[in-house]
Structures are given as structure tokens and as C-alpha cells.
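Pasting protein27.cif here (mmCIF, C-alpha atoms):
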data_entry
loop_
_atom_site.group_PDB
_atom_site.id
_atom_site.type_symbol
_atom_site.label_atom_id
_atom_site.label_comp_id
_atom_site.auth_asym_id
_atom_site.auth_seq_id
_atom_site.Cartn_x
_atom_site.Cartn_y
_atom_site.Cartn_z
ATOM 1 C CA MET A 1 28.561 -38.268 13.361
ATOM 2 C CA PRO A 2 25.287 -36.422 14.049
ATOM 3 C CA GLU A 3 22.200 -38.535 14.504
ATOM 4 C CA LYS A 4 20.377 -38.905 11.199
ATOM 5 C CA GLN A 5 16.824 -37.567 10.928
ATOM 6 C CA GLU A 6 15.495 -39.327 7.821
ATOM 7 C CA GLY A 7 11.750 -39.070 7.447
ATOM 8 C CA LYS A 8 11.411 -35.706 9.186
ATOM 9 C CA THR A 9 10.133 -32.826 7.052
ATOM 10 C CA VAL A 10 11.019 -29.234 7.947
ATOM 11 C CA VAL A 11 10.724 -25.656 6.741
ATOM 12 C CA VAL A 12 13.629 -23.197 6.796
ATOM 13 C CA SER A 13 13.446 -19.572 7.917
ATOM 14 C CA TRP A 14 15.177 -17.825 5.017
ATOM 15 C CA THR A 15 16.465 -14.268 4.514
ATOM 16 C CA GLY A 16 18.826 -15.049 1.646
ATOM 17 C CA GLY A 17 21.876 -14.700 3.879
ATOM 18 C CA LYS A 18 24.592 -17.042 5.032
ATOM 19 C CA ASP A 19 23.197 -18.166 8.388
ATOM 20 C CA GLY A 20 19.849 -19.503 7.216
ATOM 21 C CA CYS A 21 21.471 -21.023 4.147
ATOM 22 C CA PHE A 22 24.169 -22.808 6.147
ATOM 23 C CA ALA A 23 21.620 -23.968 8.718
ATOM 24 C CA CYS A 24 19.611 -25.434 5.827
ATOM 25 C CA TYR A 25 22.735 -27.233 4.579
ATOM 26 C CA ARG A 26 23.492 -28.625 8.029
ATOM 27 C CA ALA A 27 19.897 -29.822 8.396
ATOM 28 C CA MET A 28 20.090 -31.544 5.026
ATOM 29 C CA GLU A 29 23.346 -33.219 6.104
ATOM 30 C CA LYS A 30 21.497 -34.644 9.119
ATOM 31 C CA GLY A 31 18.821 -36.113 6.850
ATOM 32 C CA TYR A 32 15.966 -33.636 7.217
ATOM 33 C CA LYS A 33 13.790 -33.166 4.148
ATOM 34 C CA ILE A 34 13.335 -29.472 3.325
ATOM 35 C CA ALA A 35 9.731 -28.792 2.324
ATOM 36 C CA ARG A 36 9.830 -25.003 1.940
ATOM 37 C CA LEU A 37 11.976 -21.930 2.372
ATOM 38 C CA LEU A 38 9.996 -19.264 4.269
ATOM 39 C CA HIS A 39 10.866 -15.645 3.492
ATOM 40 C CA PHE A 40 9.106 -12.918 5.477
ATOM 41 C CA THR A 41 9.250 -9.136 4.949
ATOM 42 C CA ASN A 42 8.214 -6.660 7.635
ATOM 43 C CA ARG A 43 5.449 -4.345 6.367
ATOM 44 C CA LYS A 44 6.057 -1.833 9.150
ATOM 45 C CA LYS A 45 9.669 -1.030 8.379
ATOM 46 C CA ARG A 46 12.315 -1.549 5.788
ATOM 47 C CA GLY A 47 15.129 -3.707 7.125
ATOM 48 C CA SER A 48 18.827 -3.290 6.419
ATOM 49 C CA HIS A 49 19.085 -6.935 5.329
ATOM 50 C CA GLU A 50 16.154 -6.897 2.906
ATOM 51 C CA LEU A 51 17.004 -7.885 -0.641
ATOM 52 C CA ASN A 52 15.343 -7.672 -4.024
ATOM 53 C CA PRO A 53 12.523 -10.258 -3.683
ATOM 54 C CA GLY A 54 13.464 -11.558 -7.114
ATOM 55 C CA ILE A 55 16.906 -12.627 -5.903
ATOM 56 C CA ILE A 56 15.259 -14.646 -3.120
ATOM 57 C CA ARG A 57 13.110 -16.372 -5.743
ATOM 58 C CA ALA A 58 16.283 -17.013 -7.757
ATOM 59 C CA GLN A 59 17.791 -18.763 -4.715
ATOM 60 C CA SER A 60 14.732 -20.996 -4.595
ATOM 61 C CA VAL A 61 15.190 -21.887 -8.263
ATOM 62 C CA ALA A 62 18.934 -22.358 -7.776
ATOM 63 C CA THR A 63 18.473 -24.739 -4.841
ATOM 64 C CA GLY A 64 15.366 -26.458 -6.188
ATOM 65 C CA ILE A 65 13.562 -25.865 -2.875
ATOM 66 C CA PRO A 66 10.055 -24.316 -3.090
ATOM 67 C CA LEU A 67 9.668 -20.857 -1.571
ATOM 68 C CA ILE A 68 6.895 -19.078 0.307
ATOM 69 C CA GLN A 69 7.198 -15.280 0.471
ATOM 70 C CA ARG A 70 4.967 -13.270 2.804
ATOM 71 C CA ASP A 71 4.738 -9.758 4.207
ATOM 72 C CA PHE A 72 4.016 -9.523 7.918
ATOM 73 C CA PHE A 73 2.986 -7.196 10.702
ATOM 74 C CA SER A 74 3.831 -9.924 13.224
ATOM 75 C CA TYR A 75 6.521 -12.444 12.249
ATOM 76 C CA GLU A 76 5.230 -14.878 14.840
ATOM 77 C CA GLU A 77 1.642 -14.744 13.606
ATOM 78 C CA GLU A 78 2.598 -15.004 9.933
ATOM 79 C CA PHE A 79 4.886 -17.951 10.619
ATOM 80 C CA ARG A 80 2.077 -19.681 12.480
ATOM 81 C CA LYS A 81 -0.346 -18.981 9.614
ATOM 82 C CA VAL A 82 1.986 -20.465 6.999
ATOM 83 C CA ILE A 83 2.557 -23.670 8.977
ATOM 84 C CA LEU A 84 -1.163 -24.152 9.595
ATOM 85 C CA GLU A 85 -1.905 -23.561 5.900
ATOM 86 C CA LEU A 86 0.691 -26.122 4.841
ATOM 87 C CA ARG A 87 -0.773 -28.665 7.234
ATOM 88 C CA GLU A 88 -4.333 -27.933 6.086
ATOM 89 C CA GLN A 89 -3.159 -28.635 2.533
ATOM 90 C CA GLY A 90 -1.990 -32.048 3.677
ATOM 91 C CA GLY A 91 1.677 -31.223 4.093
ATOM 92 C CA ARG A 92 3.632 -32.860 6.866
ATOM 93 C CA ILE A 93 5.756 -30.342 8.769
ATOM 94 C CA ASP A 94 7.704 -31.849 11.650
ATOM 95 C CA GLY A 95 10.082 -29.021 12.418
ATOM 96 C CA ALA A 96 11.565 -25.647 11.526
ATOM 97 C CA VAL A 97 15.182 -24.696 10.840
ATOM 98 C CA PHE A 98 16.607 -21.353 11.976
ATOM 99 C CA GLY A 99 20.040 -19.864 11.362
ATOM 100 C CA HIS A 100 20.253 -17.964 14.644
ATOM 101 C CA ILE A 101 23.631 -17.929 16.366
ATOM 102 C CA GLN A 102 23.165 -15.796 19.487
ATOM 103 C CA THR A 103 19.799 -13.985 19.295
ATOM 104 C CA HIS A 104 16.030 -14.644 19.010
ATOM 105 C CA GLY A 105 16.252 -18.056 20.629
ATOM 106 C CA SER A 106 13.294 -17.508 22.956
ATOM 107 C CA LEU A 107 11.092 -16.279 20.080
ATOM 108 C CA VAL A 108 11.617 -19.313 17.886
ATOM 109 C CA GLU A 109 11.334 -21.666 20.855
ATOM 110 C CA ARG A 110 7.892 -20.203 21.597
ATOM 111 C CA ILE A 111 6.810 -20.429 17.949
ATOM 112 C CA CYS A 112 7.874 -24.051 17.647
ATOM 113 C CA ARG A 113 6.380 -25.069 21.001
ATOM 114 C CA ASP A 114 3.001 -23.578 20.099
ATOM 115 C CA LEU A 115 2.992 -25.314 16.710
ATOM 116 C CA ASP A 116 4.362 -28.620 18.015
ATOM 117 C CA LEU A 117 7.422 -28.278 15.780
ATOM 118 C CA GLU A 118 10.879 -29.627 16.417
ATOM 119 C CA ILE A 119 13.252 -26.668 16.617
ATOM 120 C CA VAL A 120 16.416 -27.142 14.542
ATOM 121 C CA MET A 121 19.152 -24.584 15.237
ATOM 122 C CA PRO A 122 22.435 -26.070 13.981
ATOM 123 C CA LEU A 123 24.451 -22.851 14.456
ATOM 124 C CA TRP A 124 23.278 -21.911 17.946
ATOM 125 C CA LYS A 125 26.065 -20.584 20.206
ATOM 126 C CA MET A 126 28.809 -21.494 17.740
ATOM 127 C CA ASP A 127 31.964 -19.377 17.627
ATOM 128 C CA SER A 128 31.509 -16.816 14.836
ATOM 129 C CA GLU A 129 34.998 -17.084 13.356
ATOM 130 C CA ARG A 130 34.938 -20.894 13.339
ATOM 131 C CA LEU A 131 31.449 -20.879 11.852
ATOM 132 C CA LEU A 132 32.419 -18.493 9.052
ATOM 133 C CA ALA A 133 35.434 -20.677 8.247
ATOM 134 C CA ASP A 134 33.147 -23.729 8.074
ATOM 135 C CA MET A 135 30.858 -21.916 5.621
ATOM 136 C CA ILE A 136 33.765 -20.979 3.367
ATOM 137 C CA ASP A 137 35.310 -24.462 3.598
ATOM 138 C CA ALA A 138 31.960 -26.002 2.620
ATOM 139 C CA GLY A 139 32.035 -23.995 -0.618
ATOM 140 C CA PHE A 140 29.452 -21.268 -0.019
ATOM 141 C CA GLU A 141 29.889 -18.014 -1.930
ATOM 142 C CA ILE A 142 28.844 -15.230 0.438
ATOM 143 C CA VAL A 143 28.440 -11.631 -0.703
ATOM 144 C CA ILE A 144 28.201 -8.637 1.630
ATOM 145 C CA ALA A 145 24.803 -7.185 0.730
ATOM 146 C CA SER A 146 24.489 -4.417 3.334
ATOM 147 C CA THR A 147 26.767 -2.676 5.816
ATOM 148 C CA ARG A 148 26.329 -0.419 8.807
ATOM 149 C CA ALA A 149 27.627 2.933 7.591
ATOM 150 C CA ASP A 150 29.551 3.759 10.762
ATOM 151 C CA VAL A 151 31.363 0.409 10.819
ATOM 152 C CA LEU A 152 32.109 -0.891 7.312
ATOM 153 C CA GLY A 153 30.533 1.526 4.863
ATOM 154 C CA GLU A 154 29.792 1.546 1.157
ATOM 155 C CA LYS A 155 33.127 0.196 -0.094
ATOM 156 C CA TRP A 156 32.408 -3.258 1.360
ATOM 157 C CA LEU A 157 29.223 -3.775 -0.670
ATOM 158 C CA GLY A 158 29.494 -6.707 -3.054
ATOM 159 C CA ARG A 159 32.627 -8.017 -1.355
ATOM 160 C CA ILE A 160 32.841 -11.821 -1.374
ATOM 161 C CA ILE A 161 33.685 -13.115 2.076
ATOM 162 C CA ASP A 162 36.761 -15.333 1.946
ATOM 163 C CA GLY A 163 39.423 -16.626 4.299
ATOM 164 C CA ALA A 164 41.076 -13.201 4.487
ATOM 165 C CA PHE A 165 37.937 -11.467 5.740
ATOM 166 C CA PRO A 166 38.342 -12.066 9.524
ATOM 167 C CA GLY A 167 41.873 -10.667 9.434
ATOM 168 C CA GLU A 168 40.773 -7.621 7.467
ATOM 169 C CA ILE A 169 37.973 -6.686 9.859
ATOM 170 C CA HIS A 170 40.305 -7.085 12.834
ATOM 171 C CA THR A 171 42.418 -4.214 11.470
ATOM 172 C CA LEU A 172 39.510 -1.728 11.271
ATOM 173 C CA GLY A 173 39.887 -0.349 14.780
ATOM 174 C CA VAL A 174 36.228 -1.020 15.626
ATOM 175 C CA PRO A 175 34.775 -4.332 16.865
ATOM 176 C CA VAL A 176 33.163 -6.353 14.070
ATOM 177 C CA ASP A 177 31.784 -9.826 14.692
ATOM 178 C CA PRO A 178 32.962 -12.157 11.873
ATOM 179 C CA CYS A 179 29.349 -13.232 11.293
ATOM 180 C CA GLY A 180 27.885 -9.730 11.722
ATOM 181 C CA GLU A 181 25.977 -10.764 14.839
ATOM 182 C CA ASN A 182 25.685 -7.168 16.013
ATOM 183 C CA GLY A 183 24.209 -5.916 12.740
ATOM 184 C CA GLU A 184 27.531 -4.778 11.276
ATOM 185 C CA PHE A 185 26.676 -6.350 7.917
ATOM 186 C CA HIS A 186 24.239 -8.690 6.190
ATOM 187 C CA THR A 187 24.870 -11.140 3.394
ATOM 188 C CA LEU A 188 23.553 -12.845 0.279
ATOM 189 C CA VAL A 189 24.501 -16.393 -0.720
ATOM 190 C CA THR A 190 25.030 -16.793 -4.458
ATOM 191 C CA ASP A 191 26.445 -20.324 -4.646
ATOM 192 C CA GLY A 192 27.202 -23.374 -2.560
ATOM 193 C CA PRO A 193 26.840 -27.139 -2.237
ATOM 194 C CA ILE A 194 23.025 -26.961 -2.050
ATOM 195 C CA PHE A 195 22.854 -24.803 -5.202
ATOM 196 C CA ARG A 196 22.225 -26.440 -8.561
ATOM 197 C CA LYS A 197 22.757 -23.095 -10.287
ATOM 198 C CA LYS A 198 24.971 -20.129 -9.431
ATOM 199 C CA ILE A 199 23.546 -16.629 -9.090
ATOM 200 C CA ILE A 200 25.489 -13.983 -11.009
ATOM 201 C CA ILE A 201 24.888 -10.369 -9.955
ATOM 202 C CA THR A 202 25.424 -8.272 -13.074
ATOM 203 C CA ARG A 203 24.394 -4.837 -11.775
ATOM 204 C CA PHE A 204 23.623 -3.174 -8.489
ATOM 205 C CA GLU A 205 23.427 0.386 -7.230
ATOM 206 C CA PRO A 206 24.695 1.395 -3.772
ATOM 207 C CA ALA A 207 21.819 2.826 -1.737
ATOM 208 C CA PHE A 208 21.707 4.392 1.720
ATOM 209 C CA PHE A 209 18.848 3.942 4.164
ATOM 210 C CA ASN A 210 18.495 4.383 7.909
ATOM 211 C CA GLY A 211 22.215 4.186 8.667
ATOM 212 C CA TYR A 212 22.970 1.315 6.296
ATOM 213 C CA TRP A 213 24.459 0.992 2.844
ATOM 214 C CA TYR A 214 22.896 -1.810 0.843
ATOM 215 C CA MET A 215 22.995 -3.359 -2.598
ATOM 216 C CA ASP A 216 20.032 -2.347 -4.705
ATOM 217 C CA ILE A 217 20.322 -5.312 -7.055
ATOM 218 C CA ARG A 218 19.067 -4.358 -10.509
ATOM 219 C CA ASP A 219 20.144 -7.282 -12.708
ATOM 220 C CA PHE A 220 21.181 -10.862 -12.091
ATOM 221 C CA SER A 221 21.184 -14.206 -13.846
ATOM 222 C CA LEU A 222 21.311 -17.921 -13.064
ATOM 223 C CA GLN A 223 24.203 -19.943 -14.437
ATOM 224 C CA GLN A 224 24.091 -23.718 -14.781
ATOM 225 C CA LYS A 225 26.837 -25.459 -12.825
ATOM 226 C CA GLY A 226 29.074 -28.227 -14.038
#
Just give me the structure of the file as C-alpha cells.
Amino acid sequence: MPEKQEGKTVVVSWTGGKDGCFACYRAMEKGYKIARLLHFTNRKKRGSHELNPGIIRAQSVATGIPLIQRDFFSYEEEFRKVILELREQGGRIDGAVFGHIQTHGSLVERICRDLDLEIVMPLWKMDSERLLADMIDAGFEIVIASTRADVLGEKWLGRIIDGAFPGEIHTLGVPVDPCGENGEFHTLVTDGPIFRKKIIITRFEPAFFNGYWYMDIRDFSLQQKG
């Protein structure tokens, strides 16, 4: 059993996708108290994994975890600013949770060292196929929200990732990491064990930008569970 961390308060770096969401879940399992979800959008460029900001707010409502949304020119500087603001307001922030598996480790280590934060990376260096299976087994509903056009393409948009997914991508004839670690696809989590409500996507339009197809989500709703 992992060592329990009761009494420690953390923030979670949040894009709306599976990795940050599952890292949040794992942190909660270990006893960390989640103070905020932090969602940052790059002002300088539009990213392939960016989602309708309203759907990110819906995830906050669905999980019951408060959200901070910010635009940034420098992710590092904006992250630092948010933590300092929370502390100035009297909030206790002991650490930060990140969903990184293989990349950006040095960046978040530097951020957390400079802010005297415990770094919490529950998914770091895990096997992608095993990790995806753990997410599915835990009950997370994961939707493919964007795809690299030369790898998966438009037809995969909106596809719910299930146990058959790793086998299907292995038949494509091109290498695809089961967790999309090389940018092959990005995801949106619509339900799971940390969700009090389920997100229902009722309408989206396929859109193409900078080599990626993505879901331009137009309508969605929250459905009470149980």
C-alpha cells in the first residue's frame, strides 16, 4: 500500500485529459487534499489538445474541485504566480500533481523546487499500455478529443477508449503509443470515480488545425449519477 499523505494540500495541473485526471485520482487515493485544478492556455499558439473552456469548467463542477483558468505567455511564470496568489490569500499549498509519463519532468521539477512544493507524479515512467488499462479498470470514461491527421485522423474523434483500443491501434501500420505520448492523440475525461456528475457531449463539429483534427464541442450537459 502506498504511504498515506493525509494533511497535505496540493494543486493539480489539468488539461481535461486522461493523464492529469488519473494522476489526480491516484493522489487522492494516497490521501492528498486537492485544493484546485489549474488549467493554463497558451496565448502564443493554439494547441492540438485545447478544449472548449466551458467543458473544463464542467469537469470542475462534475468533480466538485475548484478550478483556476489562466492564459499564459510562460507556463512556468503563470504557474508560479497562481501558487503565490493562493498562498497570499492564506491557502496552504504543499505540493503539485502532474500527469506526465515520459516528458517535461525537468520543467516541473524546477517549478516545484523554486516554489518549495512537493512534486507528485504518480504516472511517471509507467508502461503506457498498463497505465491505460488501469485507467479503464478504474472506471474512467476517456474520449479521443483530437488526433494527429497523419496517424489517426478524423474518424477517431469522439471515440471512447476501451479495452479494445490498444489492439486496434496496433493494426494501423504506424507506431501509436497507447497513451498518445508522442502527440498522436489527446483526450477528454467525461466520467470516472472522482466525478459526481457525468459529462454528456451532445454536439461537436470536426475541425482541422495545424495538422490535427479536433472536437469543436458545441453542446454538452451534466448528468447526475446514481
*Enumerate, as a list in words, the residues matched when the PyMOL selection byres ((chain A and resi 185-187) around 9) is run on the file above.*
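Here the PyMOL selection byres ((chain A and resi 185-187) around 9) matches Gly16, Gly17, Lys18, Asp19, Ser48, His49, Glu50, Ile142, Val143, Ile144, Ala145, Ser146, Thr147, Arg148, Val151, Leu152, Val176, Cys179, Gly180, Glu181, Asn182, Gly183, Glu184, Leu188, Val189, Tyr212 and Tyr214 of chain A.
Using all atoms listed in the file, the protein and nucleic acid residues lying no more than 12 Å from A:Leu86, apart from those fewer than 5 places from it along its own chain, are Thr9, Val10, Val11, Ala35, Arg36, Leu38, Ile68, Phe79, Arg80, Lys81, Gly91, Arg92, Ile93 and Asp94 of chain A.
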*Calculate how many Å separate atom CA of A:Pro206 from atom CA of A:Gly99, rounding to one decimal.*
26.5 Å
*Given the PyMOL selection byres ((chain A and resi 34) around 10), the residues it picks as a PyMOL selection string*: chain A and resi 8-12+24-25+27-28+31-33+35-37+65-66+93+95-97
*Nearest residue to A:Asp177 from the set A:Asp127, A:Asp116, A:Glu109, A:Glu77 (distances using only C-alpha atoms)*: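 Comparing A:Asp127, A:Asp116, A:Glu109, A:Glu77 against A:Asp177, the winner is A:Asp127.
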*Result set, the PyMOL selection byres ((chain A and resi 102) around 7) on current file, as a VMD selection string*: chain A and resid 100 to 101 103 124 to 125
*atom CA of A:Leu172 and atom CA of A:Asn210 are how many Å apart?*
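Between atom CA of A:Leu172 and atom CA of A:Asn210 the gap is 22.1 Å.
Minimum distance to A:Phe40 across A:Pro122, A:Pro53, A:Pro193, A:Pro178 (counting all atoms listed in the file) occurs at A:Pro53.
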*So which one's closest to A:Gly226, A:Gln59, A:Ile201, A:Arg196, A:Phe208? Using only C-alpha atoms, please.*
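Closest residue, counting only C-alpha atoms: A:Arg196.
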*asked:* From the options A:Thr15, A:Glu29, A:Lys197, A:Phe22, which residue's atoms come nearest to A:Asp134, counting all atoms listed in the file?
replied: A:Phe22
_Rounded to one decimal, what separation in Å do you get between atom CA of A:Ala62 and atom CA of A:Ile83?_
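So the two atoms, atom CA of A:Ala62 and atom CA of A:Ile83, lie 23.5 Å apart.
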